[in-house]
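File shown here: final-v6.cif, holding mmCIF, C-alpha atoms.
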data_upload
#
loop_
_atom_site.label_atom_id
_atom_site.label_comp_id
_atom_site.auth_asym_id
_atom_site.auth_seq_id
_atom_site.Cartn_x
_atom_site.Cartn_y
_atom_site.Cartn_z
CA MET A 29 -2.74 -9.39 1.90
CA GLU A 30 -2.88 -5.99 3.55
CA ASN A 31 -3.30 -2.69 1.74
CA THR A 32 -1.55 0.63 2.15
CA LYS A 33 -4.74 2.67 2.18
CA THR A 34 -7.56 0.57 3.58
CA TYR A 35 -8.13 -2.23 6.04
CA ASN A 36 -10.45 -4.21 3.73
CA HIS A 37 -9.08 -3.84 0.24
CA LEU A 38 -9.20 -7.35 -1.18
CA THR A 39 -12.38 -8.35 -2.92
CA VAL A 40 -11.53 -12.00 -2.35
CA PRO A 41 -10.54 -13.02 1.22
CA ALA A 42 -7.13 -14.59 1.49
CA ALA A 43 -8.58 -17.79 2.91
CA ILE A 44 -10.78 -18.29 -0.15
CA ILE A 45 -7.85 -17.65 -2.46
CA ILE A 46 -5.72 -20.21 -0.66
CA ALA A 47 -8.39 -22.89 -0.47
CA GLY A 48 -9.40 -22.49 -4.08
CA ALA A 49 -5.86 -22.50 -5.39
CA ILE A 50 -4.95 -25.68 -3.53
CA ILE A 51 -7.91 -27.51 -5.06
CA ALA A 52 -7.19 -26.20 -8.53
CA ILE A 53 -3.53 -27.15 -8.68
CA ALA A 54 -4.35 -30.87 -8.68
CA ILE A 55 -6.51 -30.64 -11.80
CA ILE A 56 -5.16 -27.74 -13.81
CA TRP A 57 -2.80 -29.71 -16.04
CA ASN A 58 -5.30 -32.44 -16.85
CA LYS A 59 -8.30 -30.24 -17.57
CA GLN A 60 -7.35 -27.13 -19.45
CA PRO A 61 -9.98 -25.15 -21.34
CA SER A 62 -9.66 -25.48 -25.10
CA THR A 63 -10.21 -21.77 -25.61
CA THR A 64 -9.36 -18.62 -23.70
CA THR A 65 -11.74 -15.67 -23.79
CA LYS A 66 -9.96 -12.37 -24.35
CA ALA A 67 -11.15 -8.83 -24.09
CA PRO A 68 -11.55 -7.08 -27.44
CA GLU A 69 -8.58 -4.85 -26.69
CA GLU A 70 -5.84 -5.93 -24.29
CA LYS A 71 -3.77 -3.39 -22.42
CA ARG A 72 -0.02 -3.81 -22.42
CA VAL A 73 1.05 -5.56 -19.21
CA THR A 74 4.37 -4.39 -17.79
CA VAL A 75 5.95 -4.04 -14.34
CA ASN A 76 8.40 -1.36 -13.28
CA LEU A 77 10.33 -3.59 -10.87
CA SER A 78 13.72 -2.28 -9.81
CA ALA A 79 16.62 -4.53 -10.81
CA ILE A 80 17.95 -7.14 -8.39
CA THR A 81 21.43 -6.19 -7.24
CA THR A 82 24.03 -7.23 -4.66
CA ALA A 83 22.46 -4.65 -2.35
CA ASP A 84 19.37 -6.87 -2.07
CA HIS A 85 18.92 -9.50 0.64
CA ILE A 86 19.18 -12.73 -1.32
CA PHE A 87 18.57 -16.20 0.05
CA GLY A 88 20.00 -18.75 -2.33
CA ASN A 89 21.75 -18.65 -5.67
CA PRO A 90 22.03 -15.06 -7.02
CA ASP A 91 22.06 -16.55 -10.52
CA ALA A 92 18.98 -18.72 -10.01
CA ALA A 93 16.72 -19.11 -13.04
CA ILE A 94 13.75 -18.03 -10.89
CA LYS A 95 14.07 -15.23 -8.37
CA ILE A 96 11.11 -14.50 -6.11
CA VAL A 97 11.12 -10.86 -5.01
CA GLU A 98 8.87 -10.42 -1.98
CA TYR A 99 7.71 -7.05 -0.66
CA SER A 100 6.84 -7.68 2.96
CA ASP A 101 5.87 -6.08 6.28
CA PRO A 102 6.98 -7.75 9.54
CA SER A 103 3.72 -6.73 11.28
CA CYS A 104 1.47 -8.10 8.55
CA PRO A 105 -0.51 -11.24 9.53
CA TYR A 106 -0.60 -12.42 5.90
CA CYS A 107 3.19 -12.04 5.65
CA LYS A 108 3.55 -14.06 8.84
CA THR A 109 1.41 -16.78 7.25
CA PHE A 110 3.33 -16.63 3.99
CA ASN A 111 6.84 -16.73 5.47
CA PRO A 112 6.86 -20.52 6.17
CA THR A 113 5.62 -21.04 2.60
CA MET A 114 8.66 -19.25 1.22
CA GLU A 115 10.92 -21.18 3.59
CA ASP A 116 9.46 -24.43 2.22
CA ILE A 117 10.00 -23.25 -1.37
CA ILE A 118 13.65 -22.40 -0.66
CA ASN A 119 14.17 -25.69 1.19
CA LYS A 120 12.85 -27.49 -1.89
CA TYR A 121 14.55 -25.53 -4.68
CA GLY A 122 17.33 -23.59 -2.98
CA PRO A 123 19.87 -26.41 -2.54
CA THR A 124 19.92 -27.04 -6.30
CA GLY A 125 20.22 -23.33 -7.08
CA GLU A 126 16.95 -23.26 -9.04
CA VAL A 127 15.14 -20.61 -6.99
CA ALA A 128 16.31 -17.64 -4.92
CA TRP A 129 14.33 -15.46 -2.51
CA ILE A 130 14.79 -11.69 -2.38
CA TYR A 131 13.29 -9.78 0.56
CA ARG A 132 12.28 -6.13 0.22
CA HIS A 133 10.64 -3.82 2.72
CA PHE A 134 7.09 -2.50 2.40
CA PRO A 135 6.09 -1.34 5.92
CA LEU A 136 2.44 -0.32 6.18
CA ASN A 137 3.06 2.45 8.68
CA LYS A 138 1.87 5.34 6.53
CA PRO A 139 -1.36 7.05 7.71
CA ASP A 140 -4.42 6.68 5.51
CA ALA A 141 -6.79 9.48 4.51
CA ASN A 142 -8.30 9.41 7.99
CA GLY A 143 -4.95 9.45 9.74
CA ASN A 144 -5.11 5.80 10.77
CA VAL A 145 -1.90 3.77 10.79
CA LEU A 146 -2.25 0.07 10.06
CA HIS A 147 1.11 -1.14 11.42
CA PRO A 148 2.77 1.47 13.67
CA ASN A 149 5.81 -0.70 14.46
CA ALA A 150 6.50 -1.91 10.92
CA MET A 151 9.05 0.78 10.05
CA ASN A 152 11.09 0.08 13.20
CA GLU A 153 10.93 -3.67 12.58
CA SER A 154 12.04 -3.21 8.97
CA GLN A 155 15.02 -1.18 10.16
CA ALA A 156 15.77 -3.92 12.68
CA LEU A 157 16.11 -6.34 9.77
CA GLU A 158 18.59 -4.00 8.13
CA CYS A 159 20.55 -3.72 11.36
CA ALA A 160 20.66 -7.51 11.62
CA ALA A 161 22.27 -7.59 8.17
CA SER A 162 24.61 -4.70 8.95
CA VAL A 163 25.89 -6.21 12.19
CA GLY A 164 25.72 -9.92 11.38
CA GLY A 165 25.81 -10.26 7.58
CA ASN A 166 23.45 -11.96 5.14
CA ASP A 167 23.11 -15.22 7.06
CA LYS A 168 22.14 -13.39 10.25
CA PHE A 169 19.67 -11.26 8.30
CA TRP A 170 17.79 -14.39 7.28
CA ALA A 171 18.07 -15.95 10.73
CA PHE A 172 16.66 -12.76 12.27
CA GLU A 173 13.95 -12.56 9.60
CA LYS A 174 12.81 -16.11 10.32
CA LYS A 175 12.72 -15.59 14.08
CA LEU A 176 11.02 -12.19 13.81
CA TYR A 177 8.13 -13.60 11.80
CA GLU A 178 7.86 -16.58 14.14
CA VAL A 179 7.53 -14.56 17.36
CA THR A 180 5.78 -11.40 16.19
CA PRO A 181 2.11 -11.23 17.21
CA SER A 182 0.79 -9.83 13.94
CA VAL A 183 -1.24 -6.65 14.22
CA THR A 184 -4.88 -7.71 14.51
CA SER A 185 -7.85 -6.65 16.62
CA GLN A 186 -6.63 -9.16 19.24
CA SER A 187 -3.07 -7.76 19.29
CA PRO A 188 -3.33 -4.19 17.94
CA LYS A 189 0.09 -3.15 19.21
CA GLY A 190 2.00 -6.03 17.63
CA LEU A 191 5.48 -6.85 18.85
CA ASP A 192 6.95 -5.05 21.85
CA PRO A 193 10.00 -3.20 20.43
CA ALA A 194 11.98 -4.32 23.47
CA GLN A 195 11.88 -7.83 22.01
CA LEU A 196 13.97 -6.90 18.96
CA PRO A 197 17.40 -7.06 20.67
CA ILE A 198 16.29 -10.27 22.39
CA ILE A 199 15.56 -11.77 18.97
CA ALA A 200 18.95 -10.53 17.76
CA LYS A 201 20.68 -12.23 20.68
CA SER A 202 18.79 -15.47 20.08
CA VAL A 203 20.26 -15.75 16.57
CA GLY A 204 23.80 -14.79 17.59
CA ILE A 205 23.88 -11.08 16.72
CA ASP A 206 25.86 -8.65 18.90
CA THR A 207 23.02 -6.97 20.83
CA LYS A 208 24.98 -3.82 21.73
CA ALA A 209 25.90 -3.11 18.12
CA PHE A 210 22.40 -4.06 16.99
CA SER A 211 20.70 -1.73 19.48
CA GLU A 212 23.02 1.15 18.61
CA CYS A 213 22.26 0.64 14.94
CA LEU A 214 18.51 0.54 15.51
CA SER A 215 18.40 3.61 17.75
CA SER A 216 20.40 5.61 15.21
CA GLY A 217 17.74 5.27 12.53
CA LYS A 218 20.53 4.94 9.96
CA PHE A 219 18.53 2.61 7.73
CA ALA A 220 15.31 4.63 7.57
CA ASP A 221 16.22 5.92 4.11
CA THR A 222 17.02 2.40 2.92
CA VAL A 223 13.62 1.12 4.02
CA ASN A 224 11.81 4.10 2.51
CA LYS A 225 13.65 3.62 -0.77
CA GLU A 226 12.51 0.00 -0.97
CA TYR A 227 8.97 1.03 -0.08
CA LEU A 228 8.97 3.53 -2.96
CA SER A 229 10.39 0.90 -5.32
CA GLY A 230 7.40 -1.24 -4.38
CA ILE A 231 5.01 1.61 -5.12
CA ASN A 232 6.69 2.08 -8.51
CA ALA A 233 6.21 -1.64 -9.21
CA GLY A 234 2.51 -1.41 -8.43
CA VAL A 235 2.60 -2.87 -4.92
CA SER A 236 -0.39 -1.81 -2.83
CA GLY A 237 -0.35 -4.42 -0.06
CA THR A 238 1.63 -7.24 1.50
CA PRO A 239 2.87 -9.75 0.74
CA SER A 240 3.41 -8.94 -2.94
CA ASN A 241 5.68 -11.19 -4.98
CA PHE A 242 7.35 -11.03 -8.36
CA LEU A 243 8.76 -14.18 -9.95
CA VAL A 244 11.60 -12.86 -12.10
CA LEU A 245 12.72 -15.31 -14.80
CA ASN A 246 16.13 -15.38 -16.45
CA LYS A 247 14.51 -16.10 -19.83
CA PRO A 248 11.02 -15.61 -21.26
CA ALA A 249 8.51 -18.32 -20.40
CA ASN A 250 6.58 -19.98 -23.19
CA LYS A 251 2.83 -19.80 -23.69
CA SER A 252 2.17 -22.88 -21.56
CA VAL A 253 3.12 -20.88 -18.46
CA LYS A 254 0.66 -18.13 -19.35
CA THR A 255 -1.99 -20.78 -19.99
CA PHE A 256 -1.30 -22.25 -16.55
CA ILE A 257 -1.71 -18.81 -14.97
CA ASP A 258 -4.85 -17.96 -16.94
CA ASN A 259 -6.44 -21.30 -16.08
CA THR A 260 -5.61 -20.88 -12.39
CA VAL A 261 -7.25 -17.45 -12.38
CA VAL A 262 -10.37 -18.68 -14.21
CA THR A 263 -10.76 -21.92 -12.24
CA ASN A 264 -10.50 -20.14 -8.89
CA SER A 265 -12.41 -16.98 -9.91
CA LEU A 266 -9.45 -14.83 -8.90
CA PRO A 267 -9.26 -11.16 -9.82
CA PRO A 268 -6.69 -11.06 -12.67
CA SER A 269 -4.72 -8.45 -10.73
CA LEU A 270 -3.72 -11.11 -8.18
CA LEU A 271 -1.87 -13.39 -10.60
CA TYR A 272 -0.59 -12.53 -14.07
CA ILE A 273 2.48 -12.53 -16.31
CA THR A 274 3.92 -9.52 -18.10
CA ASP A 275 3.90 -9.24 -21.88
CA ASP A 276 7.61 -9.96 -22.11
CA MET A 277 6.92 -13.27 -20.31
CA LYS A 278 9.73 -12.65 -17.83
CA THR A 279 7.90 -11.50 -14.68
CA ILE A 280 5.00 -13.16 -12.90
CA VAL A 281 3.09 -11.01 -10.41
CA MET A 282 1.60 -12.87 -7.46
CA ALA A 283 -0.27 -10.74 -4.92
CA GLY A 284 -1.25 -12.09 -1.53
CA ALA A 285 -0.30 -15.08 0.59
CA MET A 286 -0.69 -17.72 -2.12
CA PRO A 287 -0.26 -21.38 -1.09
CA LYS A 288 2.83 -23.46 -1.61
CA GLU A 289 1.00 -25.75 -4.03
CA LEU A 290 0.30 -22.88 -6.39
CA ILE A 291 3.90 -21.66 -6.31
CA VAL A 292 5.21 -25.17 -6.88
CA GLY A 293 2.83 -25.44 -9.83
CA LEU A 294 4.15 -22.21 -11.28
CA ILE A 295 7.75 -23.31 -10.86
CA SER A 296 6.99 -26.69 -12.44
CA ALA A 297 5.34 -24.99 -15.40
CA ILE A 298 8.35 -22.69 -15.85
CA GLN A 299 10.83 -25.54 -15.60
CA ALA A 300 8.86 -27.60 -18.12
CA ASP A 301 10.02 -25.05 -20.72
CA LYS A 302 13.57 -26.37 -20.56
#

Exercise: express the given structure as structure tokens:
Amino acid sequence: MENTKTYNHLTVPAAIIIAGAIIAIAIIWNKQPSTTTKAPEEKRVTVNLSAITTADHIFGNPDAAIKIVEYSDPSCPYCKTFNPTMEDIINKYGPTGEVAWIYRHFPLNKPDANGNVLHPNAMNESQALECAASVGGNDKFWAFEKKLYEVTPSVTSQSPKGLDPAQLPIIAKSVGIDTKAFSECLSSGKFADTVNKEYLSGINAGVSGTPSNFLVLNKPANKSVKTFIDNTVVTNSLPPSLLYITDDMKTIVMAGAMPKELIVGLISAIQADK
């Protein structure tokens, strides 16, 4: 997970989170602590997540019982790692209409206090995604999204410049999008406001890095789901800010590139409420 203000913001490396979570999923249901230690005074846990609408990019059933809202950055190496995980989740639960995926922009192209920019191309790439949708429709948006994450050399010390912007129309062509219309759209900057609006909605929801995910439920979960989450956090020594459920039991916050096994475990726990 990458942060908006610093290059080393996570106290727990993503690799440790992933490895620990995979191990824990296999035992969580069979070995739950009998008691849960609580702080003397608990703060109210809420999330100011903007409502999902038809303006969102939705993969799957818009009326799915579980909607996973992802705030993502095309240049982010953790987002690149996480994208196949979400594809696997949708391949598993999408055909039955149980889970839908909502993609929102959170480009990390804003300068930090020292004037450093983490992902200089992220804003342009996010607008390219919007142009893919504008020119080709929802299906082409997701085809472009998949290809973009596949071919983009994520911004790291080995590839500090990321994807060559000249590759964007080539990606568009490869998924069947009119390249002339796509290029005209991208050069116009017409979707800059759209991307910035989604970025601000992420800030309002408490997003500070990518990928950040919100599992939005169509009905409140029961206490067994919270127990599952609490046990996962304790067993893997995760900071509670990385995985928690809101007080109304309708939104689960999942920060970072969590593994498929953990997400499947969450979904199974939610569906066990039925």

Nearest-residue call for Gly125 (chain A), choices A:Ile273, A:Val223, A:Leu157, A:Ala92, using only C-alpha atoms: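 Among the listed residues, the smallest separation from Gly125 (chain A) belongs to A:Ala92.
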
Picked residues, the PyMOL selection byres ((chain A and resi 197) around 9), expected as a PyMOL selection string: chain A and resi 156+193-196+198-202+205-208+210-211

Picked residues, the PyMOL selection byres ((chain A and resi 129) around 12), expected as a ChimeraX atom specification: /A:80,84-99,111,113-119,121-122,125-128,130-132,170,241-244

Evaluate the PyMOL selection byres ((chain A and resi 145) around 12) and report residues as an MDAnalysis selection string: chainID A and resid 31:35 103 135:144 146:151 183 188:189

Residue among A:Leu270, A:Cys107, A:Val203, A:Leu245 lying closest to Ala171 (chain A), counting all atoms listed in the file: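 For Ala171 (chain A), the nearest of the given residues is A:Val203.
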
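If you measure from each of A:Ala300, A:Phe134, A:Asn246, A:Phe110 to Glu178 (chain A) using all atoms listed in the file, the closest one turns out to be A:Phe110.
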
Gap from CA of Ser182 (chain A) to CA of Gly234 (chain A) - Å, one decimal: 24.0 Å

Between CA of Ile231 (chain A) and CA of Asn76 (chain A), distance in Å (one decimal): 9.3 Å

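Among the candidates A:Lys247, A:Ser185, A:Asn259, A:Lys254, the residue lying nearest to Lys278 (chain A) is A:Lys247 (atoms considered: only C-alpha atoms).
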
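Residues surrounding Gly164 (chain A) within 9 Å are Cys159, Ala160, Ala161, Ser162, Asn166, Asp167, Lys168, Phe169, Gly204, Ile205, Asp206 and Phe210 of chain A [all atoms listed in the file; sequence separation below 2 positions excluded].
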
Centre, x/y/z edge lengths, axis-aligned box for region 133-145 of chain A with 3 Å per side, as lines of an AutoDock Vina configuration file:
center_x = 1.2
center_y = 2.8
center_z = 6.6
size_x = 24.9
size_y = 19.3
size_z = 14.4
